[in-house]
Amino acid sequence: MLSKNWYRRLLLSYFPIFLLTVSILIFLSFLVINEISRQETAKADRISTGYMKDTLERSVSEVELDILSDLETSNVYRLFLNNDQADRTAVTYQTIDRLRMLENNNELIASIYMYRDADQQILTLHGIKELSAFADRDFVQKALKAPEQRGWSSVRLFAEMTNDPKQQVITMYKRVPLPFGDQGLVVINISVYAMQQTIASMFNPQVSFLEVHDASGLSIYPATDISNAEHGKTLTTLYSDRLGWTFESGIRAGQLFAWVSVISYIWILIGIFVVGVSIVYIIYITRKNYKPIQVMMERIESLQLGGESTRKDELSLIDHALESLIEQTIDYEQQHHENLLIRRRRLFMNWIEGEHAESMQQELRNVHIFNEYIHSSIHTDSYTEIPYYAVIVAEIKDYDAFREKGNVQEHNTLKLALTNVLQELVQQEGLQGWSEWISVRRAGIIIYGIDEEERQWNRRLFVLAANSREWVEQHLQVTITLGTGVTVHDISQVHQSYESALQSLGYSLTLGRDGIVMYSDLPQGREQESYRYLQNIADLVKAFRLTQEVWRDHLKQMLDRAESEPLRDESIRSLVLSLLQMLSRELEGMSEPLDLLLTGDTANATIESIAEAETIEDVYHVLHHYLDQVYAHYIEVGESTNYHALIGEMKSYIEDHFANPDLSLNHLSERFNVTPKHVSHLFKAELDIKFIDFLVQLRLRRAEELLSSTEDTIQNIAIQVGYANSITFGRVFKRIIGVTPGDYRKLKMKPAAYESK
């Protein structure tokens with residue numbers, strides 16, 4: 001009976017692993033619970049800090065939006081900047097009044113002033129002064145040197161008057177008139193102290209800590225740096241792209257976390273101890289169990305011929321055997337697969353890519369290429385003829401359809417036949433040619449000739465390209481496009497001809513009407529930028545949206561212009577894609593069939609067809625056919641919907657329910673079964689006003705009546721006109737009316753007493 005000592009030894013060797021697994025599971029279960037509590041704490045801290053950051057960003061965004069909206073809508077700023085008005089004083093006072101109203105509308109604003117380029121003067125709430133006498137002139141000068149800079153500056157010291165105490169602000173400036181004016185600057189300063197007060201109102205220093213730094217490392221909150229010893233570990237670090245501020249926060253250290261940490265450390269020590277004991281035990285058992293295998297390996301080593309100077313384990317021996325086998329296989333493949341075909345293609349690729357070796361003549365002789373060139377180059381004393389080199393690149397059109405015609409073997413046979421045909425056609429023209437495949441769908445051919453007149457040489461290239469395309473299309477049923485490169489006279493310049501041939505292929509839509517693009521036909525100046533066509537696209541989409549048939553003329557004119565300039569193929573396809581995207585955005589949400597036509601399989605098939613188009617006419621026909629379908633659906637949607645009746649119902653509904661605080665675009669969307677985006681579009685198109693502006697007008701009109709005719713509290717009036725609280729109501733009322741609700745009530749009820757104050 002066989003002994004089971006080996007079985008028992010193996011079984012015993014696994015026991016420490018069992019003990020280790022159980023111990024670590026207990027240890028991990030406690031750590032997981034502890035980690036979950038820490039993660040939830042960090043999550044809550046991250047949400048709180050994120051809310052503070054978002055609130056600050058939203059506040060400065062509101063400041064920026066209010067000011068820029070006023071600059072864009074009010075004509076008084078343009079009159080001030082022009083500086084050519086007869087009554088300059090009146091314009092100046094009107095501008096100051098507008099700036100004062102903007103500054104009073106938001107408590108975060110510390111100052112707003114304007115700089116006029118015409119006379120280098122500064123307009124503040126205190127009047128006009130020269131730039132040289134302005135206390136903040138250094139900042140203005142820096143802004144003038146960097147007009148393209150965007151966003152808010154780091155915290156800086158600001159004083160409007162020389163004797164005024166300086167305060168900390170962050171600053172944004174814009175060129176005016178908007179958006180890219182050249183008449184002056186408007187500078188907006190936001191008080192850092194006001195932002196500190198905003199942070200303090202949302203932060204409880206008894207529970208957590210918060211540090212805010214600007215991009216230069218200056219402490220924003222608290223105003224002075226506090227040692228890390230006064231708070232716990234930082235849990236959240238957020239960066240505001242808009243302000244350039246960094247927010248760091250965490251929970252203040254307490255006894256609970258300290259006690260949990262002590263317990264965690266005890267379990268960690270227990271776990272480390274158990275792991276250490278188990279590792280020692282496993283090493284001991286493994287050594288005992290490995291002794292039989294060690295004896296076997298020593299016998300294997302003794303059988304190796306010649307012996308080994310260094311000892312190897314069993315894996316090393318196997319690795320050594322595999323390395324030997326791989327080296328032998330590589331040597332065998334190199335010796336039996338280094339044939340003439342591989343060498344020819346490698347030499348061809350090196351040549352057209354500009355890697356011209358000094359031994360090029362010898363390498364060409366070895367592969368039997370351009371024998372006349374080699375013979376003429378050897379007898380340099382009598383060689384007076386000028387060599388001509390040119391590269392033609394042939395590209396298979398609609399390569400996906402080509403691959404579907406047969407299997408891989410048939411494709412390779414057809415490609416080999418194509419290169420042989422190109423070389424034979426070159427020889428029929430009395431020239432020498434060398435053709436190879438340079439990619440899966442492109443073949444290149446280097447053409448060589450001597451003693452040619454330049455014009456005659458270019459004509460022969462065109463005839464050769466035309467004959468090649470006709471023969472291949474007729475006999476091989478393959479459509480190709482050929483691009484010719486520039487003619488060179490030195491063997492080391494062939495790569496220039498290859499690069500220019502690739503450039504020629506890039507104009508196949510506009511210049512390749514017969515499938516041939518000559519490099520001499522390419523525009524020699526700077527290529528026209530495709531962004532110059534964006535206005536054409538905008539006009540087309542506008543006419544399309546207004547159901548004006550002239551959109552067809554815009555489409556034809558745009559493509560005719562792209563052909564006459566001409567544009568590269570990729571630029572034309574990019575323009576078409578921009579047109580489809582802009583049209584999709586304009587018509588989105590009007591109906592499900594129309595949305596499906598704009599973004600579904602039909603749109604994708606159209607884009608694929610344009611990508612495979614051979615000429616600009618093909619692009620026009622494909623695009624025109626698709627736009628005709630979209631236009632028919634769009635007309636059908638417009639005729640099936642009575643927009644005037646719908647907008648009338650919406651208007652009446654809003655006038656009856658404007659006091660509902662939940663009234664919104666989504667509410668109207670559900671009520672009238674149309675998309676929110678379509679509701680917004682209807683308001684703008686039919687009433688020439690935004691939905692939110694229409695709603696605010698109704699609410700504030702009712703609020704004015706209640707303020708002047710009742711003694712209800714501001715809070716009750718806010719609720720009656722649809723606002724959840726008096727704060728939001730007061731902010732909107734002051735922004736639109738110009739005064740607070742309380743001041744408005746005083747004006748209406750006691751105008752004489754109010755004016756005397």
# chains A, B, ... in the order shown; residues from 1 in each chain; ligands from 1
>>> residues_around(residues="segment 123-139 of chain A", least_positions_apart="4", cutoff="9 Å", atoms="only C-alpha atoms", output="PDB file with N, CA, C and O atoms, in the first residue's frame")
ATOM      1  N   THR A  92     -22.525 111.515 -22.133  1.00  0.00           N
ATOM      2  CA  THR A  92     -21.677 111.072 -21.016  1.00  0.00           C
ATOM      3  C   THR A  92     -22.517 110.801 -19.771  1.00  0.00           C
ATOM      4  O   THR A  92     -22.352 109.772 -19.098  1.00  0.00           O
ATOM      5  N   TYR A  93     -23.446 111.734 -19.450  1.00  0.00           N
ATOM      6  CA  TYR A  93     -24.287 111.527 -18.267  1.00  0.00           C
ATOM      7  C   TYR A  93     -25.189 110.310 -18.426  1.00  0.00           C
ATOM      8  O   TYR A  93     -25.438 109.560 -17.468  1.00  0.00           O
ATOM      9  N   THR A  95     -24.502 107.660 -20.136  1.00  0.00           N
ATOM     10  CA  THR A  95     -23.650 106.468 -19.972  1.00  0.00           C
ATOM     11  C   THR A  95     -23.356 106.216 -18.500  1.00  0.00           C
ATOM     12  O   THR A  95     -23.375 105.073 -18.022  1.00  0.00           O
ATOM     13  N   ILE A  96     -23.078 107.305 -17.745  1.00  0.00           N
ATOM     14  CA  ILE A  96     -22.810 107.145 -16.304  1.00  0.00           C
ATOM     15  C   ILE A  96     -24.034 106.577 -15.603  1.00  0.00           C
ATOM     16  O   ILE A  96     -23.928 105.706 -14.720  1.00  0.00           O
ATOM     17  N   ASP A  97     -25.225 107.056 -15.985  1.00  0.00           N
ATOM     18  CA  ASP A  97     -26.456 106.539 -15.360  1.00  0.00           C
ATOM     19  C   ASP A  97     -26.609 105.045 -15.631  1.00  0.00           C
ATOM     20  O   ASP A  97     -27.010 104.281 -14.745  1.00  0.00           O
ATOM     21  N   LEU A  99     -24.191 102.886 -16.219  1.00  0.00           N
ATOM     22  CA  LEU A  99     -23.183 102.169 -15.423  1.00  0.00           C
ATOM     23  C   LEU A  99     -23.590 102.118 -13.962  1.00  0.00           C
ATOM     24  O   LEU A  99     -23.397 101.101 -13.270  1.00  0.00           O
ATOM     25  N   ARG A 100     -24.148 103.238 -13.446  1.00  0.00           N
ATOM     26  CA  ARG A 100     -24.568 103.256 -12.034  1.00  0.00           C
ATOM     27  C   ARG A 100     -25.702 102.249 -11.792  1.00  0.00           C
ATOM     28  O   ARG A 100     -25.751 101.564 -10.774  1.00  0.00           O
ATOM     29  N   SER A 111     -16.881  98.026  -9.049  1.00  0.00           N
ATOM     30  CA  SER A 111     -16.724  99.188  -9.916  1.00  0.00           C
ATOM     31  C   SER A 111     -16.884  98.748 -11.358  1.00  0.00           C
ATOM     32  O   SER A 111     -16.548  97.624 -11.714  1.00  0.00           O
ATOM     33  N   ILE A 112     -17.401  99.663 -12.191  1.00  0.00           N
ATOM     34  CA  ILE A 112     -17.446  99.485 -13.641  1.00  0.00           C
ATOM     35  C   ILE A 112     -16.963 100.791 -14.266  1.00  0.00           C
ATOM     36  O   ILE A 112     -17.430 101.868 -13.910  1.00  0.00           O
ATOM     37  N   TYR A 113     -16.014 100.692 -15.177  1.00  0.00           N
ATOM     38  CA  TYR A 113     -15.610 101.879 -15.908  1.00  0.00           C
ATOM     39  C   TYR A 113     -15.284 101.510 -17.345  1.00  0.00           C
ATOM     40  O   TYR A 113     -15.074 100.343 -17.672  1.00  0.00           O
ATOM     41  N   MET A 114     -15.268 102.536 -18.214  1.00  0.00           N
ATOM     42  CA  MET A 114     -15.032 102.334 -19.646  1.00  0.00           C
ATOM     43  C   MET A 114     -13.834 103.163 -20.086  1.00  0.00           C
ATOM     44  O   MET A 114     -13.595 104.265 -19.569  1.00  0.00           O
ATOM     45  N   TYR A 115     -13.110 102.592 -21.047  1.00  0.00           N
ATOM     46  CA  TYR A 115     -11.971 103.289 -21.653  1.00  0.00           C
ATOM     47  C   TYR A 115     -12.283 103.514 -23.127  1.00  0.00           C
ATOM     48  O   TYR A 115     -12.729 102.603 -23.828  1.00  0.00           O
ATOM     49  N   ARG A 116     -12.066 104.740 -23.589  1.00  0.00           N
ATOM     50  CA  ARG A 116     -12.348 105.093 -24.979  1.00  0.00           C
ATOM     51  C   ARG A 116     -11.032 105.273 -25.724  1.00  0.00           C
ATOM     52  O   ARG A 116     -10.165 106.078 -25.328  1.00  0.00           O
ATOM     53  N   ASP A 119      -9.813 109.056 -27.524  1.00  0.00           N
ATOM     54  CA  ASP A 119      -9.101 110.129 -26.825  1.00  0.00           C
ATOM     55  C   ASP A 119      -8.406 109.647 -25.550  1.00  0.00           C
ATOM     56  O   ASP A 119      -7.951 110.465 -24.748  1.00  0.00           O
ATOM     57  N   ALA A 143      -4.381  95.549 -20.311  1.00  0.00           N
ATOM     58  CA  ALA A 143      -5.529  95.025 -21.050  1.00  0.00           C
ATOM     59  C   ALA A 143      -5.453  95.413 -22.521  1.00  0.00           C
ATOM     60  O   ALA A 143      -5.824  94.640 -23.396  1.00  0.00           O
ATOM     61  N   LEU A 144      -4.986  96.617 -22.802  1.00  0.00           N
ATOM     62  CA  LEU A 144      -4.870  97.044 -24.199  1.00  0.00           C
ATOM     63  C   LEU A 144      -3.833  96.223 -24.950  1.00  0.00           C
ATOM     64  O   LEU A 144      -3.947  96.014 -26.159  1.00  0.00           O
ATOM     65  N   PHE A 158      -7.332  97.418  -6.087  1.00  0.00           N
ATOM     66  CA  PHE A 158      -7.958  98.379  -6.999  1.00  0.00           C
ATOM     67  C   PHE A 158      -8.418  99.608  -6.208  1.00  0.00           C
ATOM     68  O   PHE A 158      -8.938  99.491  -5.098  1.00  0.00           O
ATOM     69  N   ALA A 159      -8.199 100.761  -6.815  1.00  0.00           N
ATOM     70  CA  ALA A 159      -8.724 102.024  -6.285  1.00  0.00           C
ATOM     71  C   ALA A 159      -9.088 102.892  -7.467  1.00  0.00           C
ATOM     72  O   ALA A 159      -8.310 103.047  -8.417  1.00  0.00           O
ATOM     73  N   GLU A 160     -10.301 103.444  -7.447  1.00  0.00           N
ATOM     74  CA  GLU A 160     -10.758 104.250  -8.566  1.00  0.00           C
ATOM     75  C   GLU A 160     -10.146 105.648  -8.526  1.00  0.00           C
ATOM     76  O   GLU A 160      -9.808 106.217  -9.560  1.00  0.00           O
ATOM     77  N   MET A 161      -9.987 106.169  -7.312  1.00  0.00           N
ATOM     78  CA  MET A 161      -9.356 107.476  -7.144  1.00  0.00           C
ATOM     79  C   MET A 161      -8.006 107.267  -6.465  1.00  0.00           C
ATOM     80  O   MET A 161      -7.806 106.303  -5.706  1.00  0.00           O
ATOM     81  N   THR A 162      -7.102 108.166  -6.722  1.00  0.00           N
ATOM     82  CA  THR A 162      -5.743 108.023  -6.193  1.00  0.00           C
ATOM     83  C   THR A 162      -5.740 108.001  -4.676  1.00  0.00           C
ATOM     84  O   THR A 162      -4.985 107.240  -4.048  1.00  0.00           O
ATOM     85  N   ASN A 163      -6.597 108.777  -4.038  1.00  0.00           N
ATOM     86  CA  ASN A 163      -6.625 108.856  -2.572  1.00  0.00           C
ATOM     87  C   ASN A 163      -7.550 107.831  -1.936  1.00  0.00           C
ATOM     88  O   ASN A 163      -7.650 107.763  -0.703  1.00  0.00           O
TER      89      ASN A 163
END
>>> select_by_dssp(residues="segment 91-178 of chain A", states="strand (DSSP E)", output="PDB file with N, CA and C atoms, in the first residue's frame")
ATOM      1  N   ILE A 109     -20.605  93.794  -7.433  1.00  0.00           N
ATOM      2  CA  ILE A 109     -19.828  94.691  -8.291  1.00  0.00           C
ATOM      3  C   ILE A 109     -19.193  95.786  -7.440  1.00  0.00           C
ATOM      4  N   ALA A 110     -17.875  95.921  -7.572  1.00  0.00           N
ATOM      5  CA  ALA A 110     -17.150  96.981  -6.875  1.00  0.00           C
ATOM      6  C   ALA A 110     -17.038  98.236  -7.739  1.00  0.00           C
ATOM      7  N   SER A 111     -16.881  98.026  -9.049  1.00  0.00           N
ATOM      8  CA  SER A 111     -16.724  99.188  -9.916  1.00  0.00           C
ATOM      9  C   SER A 111     -16.884  98.748 -11.358  1.00  0.00           C
ATOM     10  N   ILE A 112     -17.401  99.663 -12.191  1.00  0.00           N
ATOM     11  CA  ILE A 112     -17.446  99.485 -13.641  1.00  0.00           C
ATOM     12  C   ILE A 112     -16.963 100.791 -14.266  1.00  0.00           C
ATOM     13  N   TYR A 113     -16.014 100.692 -15.177  1.00  0.00           N
ATOM     14  CA  TYR A 113     -15.610 101.879 -15.908  1.00  0.00           C
ATOM     15  C   TYR A 113     -15.284 101.510 -17.345  1.00  0.00           C
ATOM     16  N   MET A 114     -15.268 102.536 -18.214  1.00  0.00           N
ATOM     17  CA  MET A 114     -15.032 102.334 -19.646  1.00  0.00           C
ATOM     18  C   MET A 114     -13.834 103.163 -20.086  1.00  0.00           C
ATOM     19  N   TYR A 115     -13.110 102.592 -21.047  1.00  0.00           N
ATOM     20  CA  TYR A 115     -11.971 103.289 -21.653  1.00  0.00           C
ATOM     21  C   TYR A 115     -12.283 103.514 -23.127  1.00  0.00           C
ATOM     22  N   ARG A 116     -12.066 104.740 -23.589  1.00  0.00           N
ATOM     23  CA  ARG A 116     -12.348 105.093 -24.979  1.00  0.00           C
ATOM     24  C   ARG A 116     -11.032 105.273 -25.724  1.00  0.00           C
ATOM     25  N   GLN A 121      -9.518 108.295 -22.743  1.00  0.00           N
ATOM     26  CA  GLN A 121     -10.139 108.792 -21.527  1.00  0.00           C
ATOM     27  C   GLN A 121     -10.911 107.670 -20.842  1.00  0.00           C
ATOM     28  N   ILE A 122     -11.032 107.820 -19.539  1.00  0.00           N
ATOM     29  CA  ILE A 122     -11.715 106.832 -18.699  1.00  0.00           C
ATOM     30  C   ILE A 122     -13.029 107.444 -18.205  1.00  0.00           C
ATOM     31  N   LEU A 123     -14.111 106.649 -18.326  1.00  0.00           N
ATOM     32  CA  LEU A 123     -15.415 107.080 -17.815  1.00  0.00           C
ATOM     33  C   LEU A 123     -15.767 106.221 -16.607  1.00  0.00           C
ATOM     34  N   THR A 124     -15.887 106.866 -15.432  1.00  0.00           N
ATOM     35  CA  THR A 124     -16.303 106.183 -14.216  1.00  0.00           C
ATOM     36  C   THR A 124     -17.601 106.822 -13.725  1.00  0.00           C
ATOM     37  N   GLY A 127     -17.193 110.547 -13.348  1.00  0.00           N
ATOM     38  CA  GLY A 127     -16.951 111.436 -14.465  1.00  0.00           C
ATOM     39  C   GLY A 127     -15.855 110.910 -15.369  1.00  0.00           C
ATOM     40  N   ILE A 128     -15.369 111.792 -16.241  1.00  0.00           N
ATOM     41  CA  ILE A 128     -14.343 111.441 -17.227  1.00  0.00           C
ATOM     42  C   ILE A 128     -13.002 112.000 -16.769  1.00  0.00           C
ATOM     43  N   LYS A 129     -11.969 111.186 -16.958  1.00  0.00           N
ATOM     44  CA  LYS A 129     -10.612 111.645 -16.653  1.00  0.00           C
ATOM     45  C   LYS A 129      -9.635 111.025 -17.632  1.00  0.00           C
ATOM     46  N   GLU A 130      -8.490 111.637 -17.755  1.00  0.00           N
ATOM     47  CA  GLU A 130      -7.455 111.122 -18.648  1.00  0.00           C
ATOM     48  C   GLU A 130      -6.891 109.804 -18.105  1.00  0.00           C
ATOM     49  N   ARG A 156      -6.507  91.227  -7.268  1.00  0.00           N
ATOM     50  CA  ARG A 156      -5.594  92.371  -7.353  1.00  0.00           C
ATOM     51  C   ARG A 156      -6.157  93.532  -6.521  1.00  0.00           C
ATOM     52  N   LEU A 157      -5.307  94.531  -6.262  1.00  0.00           N
ATOM     53  CA  LEU A 157      -5.711  95.715  -5.499  1.00  0.00           C
ATOM     54  C   LEU A 157      -6.207  96.777  -6.460  1.00  0.00           C
ATOM     55  N   PHE A 158      -7.332  97.418  -6.087  1.00  0.00           N
ATOM     56  CA  PHE A 158      -7.958  98.379  -6.999  1.00  0.00           C
ATOM     57  C   PHE A 158      -8.418  99.608  -6.208  1.00  0.00           C
ATOM     58  N   GLN A 167      -8.919  98.185  -2.494  1.00  0.00           N
ATOM     59  CA  GLN A 167      -9.668  96.987  -2.102  1.00  0.00           C
ATOM     60  C   GLN A 167      -9.323  95.848  -3.056  1.00  0.00           C
ATOM     61  N   GLN A 168      -9.540  94.613  -2.579  1.00  0.00           N
ATOM     62  CA  GLN A 168      -9.249  93.430  -3.395  1.00  0.00           C
ATOM     63  C   GLN A 168     -10.414  93.162  -4.340  1.00  0.00           C
ATOM     64  N   VAL A 169     -10.105  92.955  -5.611  1.00  0.00           N
ATOM     65  CA  VAL A 169     -11.131  92.683  -6.619  1.00  0.00           C
ATOM     66  C   VAL A 169     -10.594  91.640  -7.594  1.00  0.00           C
ATOM     67  N   ILE A 170     -11.531  91.048  -8.334  1.00  0.00           N
ATOM     68  CA  ILE A 170     -11.184  90.282  -9.526  1.00  0.00           C
ATOM     69  C   ILE A 170     -11.803  91.009 -10.704  1.00  0.00           C
ATOM     70  N   THR A 171     -11.158  90.967 -11.850  1.00  0.00           N
ATOM     71  CA  THR A 171     -11.511  91.873 -12.934  1.00  0.00           C
ATOM     72  C   THR A 171     -11.677  91.106 -14.238  1.00  0.00           C
ATOM     73  N   MET A 172     -12.651  91.535 -15.025  1.00  0.00           N
ATOM     74  CA  MET A 172     -12.830  91.068 -16.405  1.00  0.00           C
ATOM     75  C   MET A 172     -12.971  92.287 -17.297  1.00  0.00           C
ATOM     76  N   TYR A 173     -12.395  92.213 -18.493  1.00  0.00           N
ATOM     77  CA  TYR A 173     -12.556  93.299 -19.438  1.00  0.00           C
ATOM     78  C   TYR A 173     -12.935  92.745 -20.800  1.00  0.00           C
ATOM     79  N   LYS A 174     -13.659  93.572 -21.569  1.00  0.00           N
ATOM     80  CA  LYS A 174     -14.119  93.199 -22.907  1.00  0.00           C
ATOM     81  C   LYS A 174     -13.878  94.372 -23.847  1.00  0.00           C
ATOM     82  N   ARG A 175     -13.551  94.019 -25.090  1.00  0.00           N
ATOM     83  CA  ARG A 175     -13.485  95.047 -26.119  1.00  0.00           C
ATOM     84  C   ARG A 175     -14.897  95.447 -26.512  1.00  0.00           C
ATOM     85  N   VAL A 176     -15.129  96.738 -26.708  1.00  0.00           N
ATOM     86  CA  VAL A 176     -16.442  97.234 -27.081  1.00  0.00           C
ATOM     87  C   VAL A 176     -16.298  98.089 -28.336  1.00  0.00           C
TER      88      VAL A 176
END
>>> closest_residue(among="A:Gln432, A:Ser504, A:Gln493, A:Asn34", to="Leu567 of chain A", atoms="only C-alpha atoms")
A:Ser504
>>> residues_around(residues="segment 346-356 of chain A", least_positions_apart="4", cutoff="9 Å", atoms="only C-alpha atoms", output="number ranges by chain")
A: 341-342, 360, 363-364, 391, 434-436, 438, 444, 446, 491-499
>>> select_by_dssp(residues="segment 527-751 of chain A", states="alpha helix (DSSP H)", output="PyMOL selection string")
chain A and resi 534-545+551-564+569-587+592-599+601-611+616-640+643-657+665-672+676-682+691-709+714-720+726-737+741-749+751
>>> atom_distance(atom1="atom CA of Ile692 of chain A", atom2="atom CA of Leu663 of chain A")
9.9 Å
>>> residues_around(residues="Asp398 of chain A", least_positions_apart="5", cutoff="9 Å", atoms="only C-alpha atoms", output="ChimeraX atom specification")
/A:479,612-613
>>> residues_around(residues="Gly151 of chain A", least_positions_apart="2", cutoff="8 Å", atoms="only C-alpha atoms", output="PyMOL selection string")
chain A and resi 149+153+172+242-243
>>> closest_residue(among="A:Ala538, A:Gly250, A:Tyr448, A:Ile635", to="Gln423 of chain A", atoms="only C-alpha atoms")
A:Tyr448
>>> atom_distance(atom1="atom CA of Tyr77 of chain A", atom2="atom CA of Gly730 of chain A")
27.3 Å
>>> atom_distance(atom1="atom CA of Ala605 of chain A", atom2="atom CA of Gln629 of chain A")
13.4 Å
>>> residues_around(residues="Ser680 of chain A", least_positions_apart="6", cutoff="12 Å", atoms="only C-alpha atoms", output="list in words")
Gly589, Met590, Ile647, Met650, Ser664, Leu665, Asn666, Leu668, Ser669, Val674, Glu686, Leu687, Asp688, Ile689, Lys690, Phe691, Ile692, Asp693 and Phe694 of chain A
>>> residues_around(residues="Ser578 of chain A", least_positions_apart="2", cutoff="12 Å", atoms="only C-alpha atoms", output="ChimeraX atom specification")
/A:530-531,533-538,540-541,571-576,580-585,607
>>> closest_residue(among="A:Asp70, A:Asp45, A:Asp595, A:Asp54", to="Phe209 of chain A", atoms="only C-alpha atoms")
A:Asp45
>>> closest_residue(among="A:Lys397, A:Arg46, A:Arg532, A:Arg701", to="Tyr239 of chain A", atoms="only C-alpha atoms")
A:Arg46
>>> decode(residues="segment 505-516 of chain A", atoms="C-alpha atoms", output="PDB file, in the first residue's frame")
ATOM      1  CA  LEU A 505      -5.515  63.182 -55.539  1.00  0.00           C
ATOM      2  CA  GLY A 506      -6.817  65.531 -52.868  1.00  0.00           C
ATOM      3  CA  TYR A 507      -8.578  67.575 -55.603  1.00  0.00           C
ATOM      4  CA  SER A 508     -10.305  64.691 -57.385  1.00  0.00           C
ATOM      5  CA  LEU A 509     -13.822  66.082 -56.777  1.00  0.00           C
ATOM      6  CA  THR A 510     -13.162  69.442 -58.434  1.00  0.00           C
ATOM      7  CA  LEU A 511     -10.362  68.728 -60.914  1.00  0.00           C
ATOM      8  CA  GLY A 512     -10.804  65.020 -61.599  1.00  0.00           C
ATOM      9  CA  ARG A 513     -13.751  65.102 -63.991  1.00  0.00           C
ATOM     10  CA  ASP A 514     -12.195  62.353 -66.129  1.00  0.00           C
ATOM     11  CA  GLY A 515     -10.623  60.561 -63.173  1.00  0.00           C
ATOM     12  CA  ILE A 516      -7.270  62.320 -63.774  1.00  0.00           C
TER      13      ILE A 516
END
